[in-house]
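Okay, input06.txt now, which holds compact mmCIF, N, CA and C atoms:
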# COMPACT_ATOMS: atom_id res chain seq x y z
N MET O 1 -2.10 69.45 5.57
CA MET O 1 -0.83 69.75 4.95
C MET O 1 0.03 70.51 5.95
N GLN O 2 1.28 70.20 5.94
CA GLN O 2 2.24 70.94 6.74
C GLN O 2 3.37 71.40 5.84
N LEU O 3 3.82 72.61 6.06
CA LEU O 3 4.96 73.13 5.31
C LEU O 3 6.20 73.00 6.17
N SER O 4 7.28 72.72 5.54
CA SER O 4 8.55 72.61 6.26
C SER O 4 9.43 73.79 5.88
N ILE O 5 9.79 74.58 6.88
CA ILE O 5 10.66 75.73 6.66
C ILE O 5 11.98 75.41 7.35
N PRO O 6 13.08 75.50 6.61
CA PRO O 6 14.38 75.18 7.21
C PRO O 6 14.64 76.01 8.46
N ASP O 7 15.24 75.38 9.45
CA ASP O 7 15.57 76.07 10.70
C ASP O 7 16.41 77.32 10.45
N SER O 8 17.31 77.24 9.48
CA SER O 8 18.17 78.40 9.21
C SER O 8 17.35 79.60 8.75
N VAL O 9 16.25 79.35 8.03
CA VAL O 9 15.38 80.44 7.58
C VAL O 9 14.60 80.99 8.77
N VAL O 10 14.05 80.11 9.59
CA VAL O 10 13.29 80.54 10.76
C VAL O 10 14.18 81.36 11.70
N GLN O 11 15.38 80.89 11.91
CA GLN O 11 16.31 81.60 12.80
C GLN O 11 16.73 82.96 12.23
N ALA O 12 16.74 83.08 10.91
CA ALA O 12 17.15 84.32 10.27
C ALA O 12 16.06 85.40 10.30
N MET O 13 14.84 84.99 10.61
CA MET O 13 13.74 85.96 10.68
C MET O 13 13.98 86.93 11.82
N ARG O 14 13.87 88.21 11.53
CA ARG O 14 14.12 89.24 12.54
C ARG O 14 12.83 89.57 13.30
N LEU O 15 12.32 88.56 13.95
CA LEU O 15 11.10 88.69 14.75
C LEU O 15 11.26 87.89 16.03
N PRO O 16 10.57 88.32 17.08
CA PRO O 16 10.57 87.50 18.29
C PRO O 16 9.94 86.14 18.00
N GLU O 17 10.42 85.12 18.63
CA GLU O 17 9.95 83.75 18.38
C GLU O 17 8.42 83.61 18.40
N PRO O 18 7.73 84.20 19.37
CA PRO O 18 6.27 84.03 19.41
C PRO O 18 5.52 84.61 18.20
N ARG O 19 6.12 85.56 17.49
CA ARG O 19 5.45 86.21 16.34
C ARG O 19 5.74 85.55 15.00
N LYS O 20 6.72 84.68 14.94
CA LYS O 20 7.17 84.14 13.65
C LYS O 20 6.06 83.39 12.91
N GLU O 21 5.40 82.47 13.56
CA GLU O 21 4.36 81.69 12.88
C GLU O 21 3.22 82.59 12.43
N ALA O 22 2.76 83.48 13.30
CA ALA O 22 1.65 84.38 12.95
C ALA O 22 1.99 85.25 11.75
N GLU O 23 3.21 85.77 11.72
CA GLU O 23 3.61 86.64 10.61
C GLU O 23 3.71 85.86 9.30
N LEU O 24 4.23 84.65 9.37
CA LEU O 24 4.31 83.82 8.16
C LEU O 24 2.92 83.50 7.63
N LEU O 25 1.99 83.19 8.53
CA LEU O 25 0.62 82.88 8.10
C LEU O 25 -0.04 84.10 7.47
N LYS O 26 0.16 85.28 8.05
CA LYS O 26 -0.41 86.50 7.47
C LYS O 26 0.17 86.77 6.09
N GLU O 27 1.48 86.65 5.95
CA GLU O 27 2.12 86.91 4.65
C GLU O 27 1.64 85.92 3.59
N LEU O 28 1.51 84.67 3.98
CA LEU O 28 1.03 83.66 3.04
C LEU O 28 -0.42 83.96 2.64
N ALA O 29 -1.25 84.30 3.62
CA ALA O 29 -2.65 84.62 3.33
C ALA O 29 -2.77 85.82 2.40
N LEU O 30 -2.00 86.87 2.67
CA LEU O 30 -2.03 88.06 1.83
C LEU O 30 -1.62 87.74 0.40
N THR O 31 -0.56 86.99 0.25
CA THR O 31 -0.05 86.67 -1.08
C THR O 31 -1.04 85.80 -1.86
N LEU O 32 -1.59 84.79 -1.21
CA LEU O 32 -2.54 83.90 -1.90
C LEU O 32 -3.84 84.63 -2.23
N TYR O 33 -4.25 85.54 -1.36
CA TYR O 33 -5.45 86.33 -1.65
C TYR O 33 -5.19 87.30 -2.81
N GLU O 34 -4.07 87.98 -2.77
CA GLU O 34 -3.72 88.94 -3.82
C GLU O 34 -3.68 88.26 -5.19
N GLN O 35 -3.19 87.03 -5.23
CA GLN O 35 -3.09 86.29 -6.48
C GLN O 35 -4.39 85.56 -6.85
N GLU O 36 -5.44 85.79 -6.05
CA GLU O 36 -6.76 85.19 -6.26
C GLU O 36 -6.72 83.67 -6.19
N ILE O 37 -5.82 83.15 -5.37
CA ILE O 37 -5.74 81.71 -5.13
C ILE O 37 -6.65 81.34 -3.96
N LEU O 38 -6.79 82.25 -2.99
CA LEU O 38 -7.69 82.04 -1.85
C LEU O 38 -8.77 83.10 -1.85
N SER O 39 -9.95 82.71 -1.40
CA SER O 39 -11.04 83.68 -1.22
C SER O 39 -10.74 84.54 0.00
N PHE O 40 -11.50 85.59 0.16
CA PHE O 40 -11.33 86.48 1.30
C PHE O 40 -11.52 85.71 2.61
N GLY O 41 -12.59 84.93 2.68
CA GLY O 41 -12.88 84.18 3.90
C GLY O 41 -11.79 83.18 4.26
N LYS O 42 -11.28 82.48 3.26
CA LYS O 42 -10.23 81.49 3.52
C LYS O 42 -8.91 82.17 3.85
N ALA O 43 -8.65 83.32 3.27
CA ALA O 43 -7.44 84.07 3.62
C ALA O 43 -7.52 84.54 5.06
N CYS O 44 -8.71 85.00 5.49
CA CYS O 44 -8.90 85.38 6.89
C CYS O 44 -8.62 84.19 7.80
N GLU O 45 -9.15 83.05 7.41
CA GLU O 45 -8.96 81.84 8.21
C GLU O 45 -7.48 81.47 8.31
N LEU O 46 -6.78 81.51 7.19
CA LEU O 46 -5.35 81.17 7.19
C LEU O 46 -4.56 82.16 8.05
N ALA O 47 -4.90 83.42 7.96
CA ALA O 47 -4.19 84.46 8.73
C ALA O 47 -4.61 84.46 10.20
N LYS O 48 -5.64 83.69 10.53
CA LYS O 48 -6.19 83.65 11.89
C LYS O 48 -6.64 85.03 12.34
N GLN O 49 -7.36 85.71 11.41
CA GLN O 49 -7.88 87.04 11.68
C GLN O 49 -9.35 87.08 11.29
N ASP O 50 -10.10 87.98 11.93
CA ASP O 50 -11.48 88.17 11.49
C ASP O 50 -11.48 89.07 10.24
N SER O 51 -12.64 89.22 9.64
CA SER O 51 -12.71 89.96 8.36
C SER O 51 -12.28 91.43 8.54
N TYR O 52 -12.60 92.02 9.68
CA TYR O 52 -12.20 93.41 9.90
C TYR O 52 -10.68 93.53 9.98
N GLU O 53 -10.05 92.64 10.75
CA GLU O 53 -8.59 92.69 10.90
C GLU O 53 -7.90 92.45 9.56
N PHE O 54 -8.40 91.48 8.79
CA PHE O 54 -7.77 91.18 7.51
C PHE O 54 -7.99 92.32 6.52
N SER O 55 -9.16 92.94 6.56
CA SER O 55 -9.42 94.11 5.71
C SER O 55 -8.45 95.24 6.04
N GLN O 56 -8.20 95.44 7.33
CA GLN O 56 -7.24 96.46 7.75
C GLN O 56 -5.84 96.14 7.23
N LEU O 57 -5.47 94.87 7.29
CA LEU O 57 -4.17 94.44 6.80
C LEU O 57 -4.05 94.69 5.29
N LEU O 58 -5.12 94.39 4.55
CA LEU O 58 -5.12 94.67 3.11
C LEU O 58 -4.93 96.17 2.87
N GLY O 59 -5.64 96.99 3.63
CA GLY O 59 -5.52 98.43 3.48
C GLY O 59 -4.13 98.94 3.82
N ASP O 60 -3.55 98.39 4.89
CA ASP O 60 -2.19 98.79 5.28
C ASP O 60 -1.20 98.50 4.15
N ARG O 61 -1.44 97.42 3.42
CA ARG O 61 -0.55 97.02 2.33
C ARG O 61 -0.97 97.63 0.99
N LYS O 62 -2.04 98.40 1.02
CA LYS O 62 -2.59 99.02 -0.20
C LYS O 62 -2.98 97.97 -1.24
N LEU O 63 -3.55 96.86 -0.75
CA LEU O 63 -4.04 95.80 -1.62
C LEU O 63 -5.55 95.93 -1.72
N LEU O 64 -6.07 95.78 -2.92
CA LEU O 64 -7.50 95.90 -3.13
C LEU O 64 -8.21 94.63 -2.75
N ARG O 65 -9.41 94.80 -2.21
CA ARG O 65 -10.23 93.63 -1.91
C ARG O 65 -10.95 93.24 -3.19
N HIS O 66 -10.91 91.97 -3.51
CA HIS O 66 -11.62 91.44 -4.67
C HIS O 66 -13.11 91.39 -4.31
N TYR O 67 -13.89 92.06 -5.08
CA TYR O 67 -15.31 92.18 -4.75
C TYR O 67 -16.09 92.14 -6.05
N SER O 68 -16.74 91.01 -6.32
CA SER O 68 -17.44 90.83 -7.59
C SER O 68 -18.82 91.49 -7.54
N GLU O 69 -19.41 91.63 -8.71
CA GLU O 69 -20.76 92.18 -8.80
C GLU O 69 -21.75 91.27 -8.08
N THR O 70 -21.53 89.97 -8.16
CA THR O 70 -22.40 89.02 -7.49
C THR O 70 -22.35 89.21 -5.98
N GLU O 71 -21.14 89.38 -5.44
CA GLU O 71 -21.00 89.62 -4.00
C GLU O 71 -21.68 90.92 -3.59
N MET O 72 -21.54 91.94 -4.42
CA MET O 72 -22.16 93.22 -4.12
C MET O 72 -23.69 93.07 -4.12
N ALA O 73 -24.24 92.36 -5.09
CA ALA O 73 -25.69 92.16 -5.15
C ALA O 73 -26.18 91.38 -3.92
N GLU O 74 -25.42 90.37 -3.51
CA GLU O 74 -25.79 89.61 -2.32
C GLU O 74 -25.77 90.49 -1.09
N ASP O 75 -24.76 91.34 -0.98
CA ASP O 75 -24.66 92.25 0.16
C ASP O 75 -25.82 93.24 0.18
N LEU O 76 -26.18 93.75 -1.00
CA LEU O 76 -27.31 94.69 -1.09
C LEU O 76 -28.62 94.01 -0.73
N ASP O 77 -28.83 92.78 -1.20
CA ASP O 77 -30.03 92.02 -0.85
C ASP O 77 -30.10 91.80 0.66
N TYR O 78 -28.98 91.48 1.24
CA TYR O 78 -28.93 91.23 2.69
C TYR O 78 -29.22 92.52 3.47
N ALA O 79 -28.73 93.64 2.97
CA ALA O 79 -28.91 94.92 3.66
C ALA O 79 -30.36 95.39 3.61
N LEU O 80 -31.07 95.00 2.59
CA LEU O 80 -32.47 95.44 2.43
C LEU O 80 -33.36 94.47 3.09

The structure given in the file should be rewritten as structure tokens.
Amino acid sequence: MQLSIPDSVVQAMRLPEPRKEAELLKELALTLYEQEILSFGKACELAKQDSYEFSQLLGDRKLLRHYSETEMAEDLDYAL
């Protein structure tokens, strides 16, 4: 899938050209994750960030990480 963003919108972005795509991908990933449309792993992939970087981004935005009891149990099993 490819999204089409009008040139007038891209040009109106107050960012240096090299940062525009990366910033749009991060914003999209954050929004889709916050709305529980994307999982944490897929949001990281979309944002082109590792889990640590994306976790930091969530914290910077004061967004909570979705963490189910099942995920916690799996993490505890793995840790032991």

Chain O: residues DSSP assigns to alpha helix (DSSP H), reported as an MDAnalysis selection string
chainID O and resid 7:12 17:34 40:47 51:60 69:79

So that I can check the surroundings of Tyr52 (chain O), please list as JSON, numbers by chain every protein, DNA and RNA residue that reaches within 12 Å of it, counting only C-alpha atoms and ignoring chain neighbours fewer than 5 positions away.
{"O": [40, 41, 44, 57, 58, 59, 65]}

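In this structure, CA of Ala79 (chain O) sits 23.8 Å away from CA of Gln49 (chain O).
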
From the options O:Asp75, O:Leu15, O:Ala43, O:Asp60, which residue's atoms come nearest to Leu28 (chain O), counting all atoms listed in the file?
O:Ala43

May I have the residues within 6 Å of region 20-26 of chain O as an MDAnalysis selection string, using only C-alpha atoms and disregarding those fewer than 3 positions away in the same chain?
chainID O and resid 17 29 47

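The space between atom N of Leu63 (chain O) and atom C of Tyr33 (chain O) spans 9.9 Å.
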
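You will find CA of Ser4 (chain O) at 24.8 Å from atom N of Asp50 (chain O).
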